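Engineer: So here's target-v8.pdb (PDB, C-alpha atoms and all ligand atoms).
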```pdb
ATOM      1  CA  MET A   1      -5.962  -9.000   0.539
ATOM      2  CA  VAL A   2      -2.801 -10.963  -0.042
ATOM      3  CA  ARG A   3       0.350  -9.366   1.308
ATOM      4  CA  HIS A   4       3.291  -9.738  -0.989
ATOM      5  CA  GLN A   5       6.938  -9.183  -0.301
ATOM      6  CA  HIS A   6       8.278  -5.725  -0.939
ATOM      7  CA  PRO A   7      11.903  -6.248  -0.029
ATOM      8  CA  GLU A   8      12.909  -2.692  -0.806
ATOM      9  CA  GLY A   9       9.969  -0.917   0.787
ATOM     10  CA  SER A  10       7.522   1.387  -0.859
ATOM     11  CA  HIS A  11       9.650   4.521  -0.627
ATOM     12  CA  GLN A  12      12.405   3.013  -2.692
ATOM     13  CA  TYR A  13       9.764   1.780  -5.097
ATOM     14  CA  GLU A  14       8.640   5.314  -5.694
ATOM     15  CA  LEU A  15      12.214   6.431  -6.187
ATOM     16  CA  ALA A  16      12.809   3.594  -8.645
ATOM     17  CA  GLU A  17       9.646   4.626 -10.473
ATOM     18  CA  TRP A  18      10.856   8.177 -10.709
ATOM     19  CA  LEU A  19      14.209   7.031 -12.064
ATOM     20  CA  ALA A  20      12.897   4.399 -14.437
ATOM     21  CA  GLY A  21      10.037   6.416 -15.895
ATOM     22  CA  HIS A  22       6.349   5.808 -15.528
ATOM     23  CA  HIS A  23       5.332   2.183 -15.378
ATOM     24  CA  HIS A  24       3.206  -0.262 -13.456
ATOM     25  CA  HIS A  25       3.763  -3.588 -11.786
ATOM     26  CA  VAL A  26       2.655  -7.169 -11.966
ATOM     27  CA  VAL A  27       3.352  -9.073  -8.764
ATOM     28  CA  CYS A  28       3.506 -12.837  -8.378
ATOM     29  CA  MET A  29       1.520 -13.933  -5.321
ATOM     30  CA  GLU A  30       3.548 -17.150  -5.150
ATOM     31  CA  CYS A  31       7.176 -16.033  -5.300
ATOM     32  CA  GLY A  32       6.810 -12.273  -4.852
ATOM     33  CA  GLU A  33       8.512 -11.407  -8.125
ATOM     34  CA  VAL A  34       7.708  -7.926  -9.399
ATOM     35  CA  GLU A  35       7.859  -7.095 -13.089
ATOM     36  CA  ASP A  36       7.486  -3.690 -14.679
ATOM     37  CA  VAL A  37       4.772  -3.300 -17.273
ATOM     38  CA  HIS A  38       4.045  -0.399 -19.583
ATOM     39  CA  LEU A  39       0.529   0.505 -20.627
ATOM     40  CA  ASP A  40      -0.437   1.861 -23.992
ATOM     41  CA  GLU A  41      -1.783   5.400 -24.269
ATOM     42  CA  ASP A  42      -5.450   4.429 -24.085
ATOM     43  CA  GLN A  43      -4.957   2.306 -20.996
ATOM     44  CA  GLU A  44      -2.888   5.016 -19.376
ATOM     45  CA  ARG A  45      -5.553   7.619 -20.088
ATOM     46  CA  THR A  46      -8.230   5.408 -18.539
ATOM     47  CA  LEU A  47      -6.097   4.810 -15.490
ATOM     48  CA  ARG A  48      -5.265   8.485 -15.085
ATOM     49  CA  ALA A  49      -8.963   9.362 -15.142
ATOM     50  CA  LEU A  50      -9.677   6.680 -12.548
ATOM     51  CA  ALA A  51      -6.819   7.845 -10.332
ATOM     52  CA  ALA A  52      -8.035  11.437 -10.597
ATOM     53  CA  ALA A  53     -11.551  10.367  -9.590
ATOM     54  CA  VAL A  54     -10.197   8.404  -6.624
ATOM     55  CA  ALA A  55      -8.091  11.360  -5.486
ATOM     56  CA  LYS A  56     -11.030  13.701  -5.866
ATOM     57  CA  GLY A  57     -13.225  11.373  -3.818
ATOM     58  CA  ALA A  58     -10.618  11.401  -1.060
ATOM     59  CA  ARG A  59     -10.224  15.180  -1.458
ATOM     60  CA  TYR A  60      -6.598  14.774  -2.392
ATOM     61  CA  ARG A  61      -4.792  16.763  -4.996
ATOM     62  CA  ILE A  62      -3.710  14.213  -7.602
ATOM     63  CA  GLY A  63      -0.026  13.409  -7.760
ATOM     64  CA  GLY A  64       0.915  10.195  -9.496
ATOM     65  CA  HIS A  65      -0.398   6.675  -9.528
ATOM     66  CA  VAL A  66       0.922   3.154  -9.675
ATOM     67  CA  LEU A  67      -1.133   0.160 -10.684
ATOM     68  CA  GLU A  68      -0.162  -3.149  -9.160
ATOM     69  CA  VAL A  69      -1.694  -6.297 -10.612
ATOM     70  CA  GLU A  70      -1.416  -9.453  -8.547
ATOM     71  CA  GLY A  71      -1.274 -12.831 -10.187
ATOM     72  CA  VAL A  72       0.839 -15.927 -10.655
ATOM     73  CA  CYS A  73       3.963 -15.642 -12.794
ATOM     74  CA  ARG A  74       4.864 -17.909 -15.691
ATOM     75  CA  ARG A  75       7.306 -19.919 -13.590
ATOM     76  CA  CYS A  76       4.923 -20.465 -10.667
ATOM     77  CA  GLY A  77       1.937 -21.113 -12.928
ATOM     78  CA  ALA A  78       3.613 -23.920 -14.871
TER      79      ALA A  78
HETATM   80 ZN    ZN B 101       6.194 -16.572  -9.212
HETATM   81 ZN    ZN B 102       0.117   4.978 -15.222
END
```
Let me see the file written as structure tokens.

Structural biologist:
Amino acid sequence: MVRHQHPEGSHQYELAEWLAGHHHHVVCMECGEVEDVHLDEDQERTLRALAAAVAKGARYRIGGHVLEVEGVCRRCGA
């Protein structure tokens, strides 16, 4: 598991999410840049079902979810 920089900390991330509306993240493993991404309805439905199954497995009541995809950004990949 690669640890990436979260300069603002996860709590502020959740607050930003709440303010900015529902979205997900792509994170560059090289420079730590985080971009917001929006999923289409089908993808979101799939993800919601997965998140619900994960929560159920952990015996948690489902709240929200955030998907974070790690990769290499356009700048670092060039
Ligand atoms: Zn990068
Ligand atoms: Zn979502």

Engineer: When the PyMOL selection byres (((chain A and resi 25-41) around 6) and not hetatm) is applied to the structure above, which residues does it catch, written out as a PyMOL selection string?

Structural biologist: chain A and resi 4-5+23-24+42-44+68-73

Engineer: Mind pulling up the distance from atom CA of A:Ala78 to atom CA of A:His22?

Structural biologist: 29.9 Å

Engineer: For a test of reading the model, state the distance in Å between atom CA of A:Leu47 and atom CA of A:Ile62, rounded to one decimal.

Structural biologist: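 That distance, rounded to one decimal, is 12.5 Å.
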
Engineer: Please give the centre and size of the box around stretch 64-78 of chain A (axis-aligned, containing every atom listed in the file, 4 Å added per side), with values in Å to one decimal and written as AutoDock Vina command-line options.

Structural biologist:
```
--center_x 2.8 --center_y -6.9 --center_z -12.1 --size_x 17.0 --size_y 42.1 --size_z 15.1
```

Engineer: Which of these, A:Gly21, A:Cys76, A:Val66, A:Ala52, has the shortest distance to ligand ZN 102 (chain B) once you count only C-alpha atoms and all ligand atoms?

Structural biologist: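 Of A:Gly21, A:Cys76, A:Val66, A:Ala52, the one nearest ligand ZN 102 (chain B) is A:Val66, counting only C-alpha atoms and all ligand atoms.
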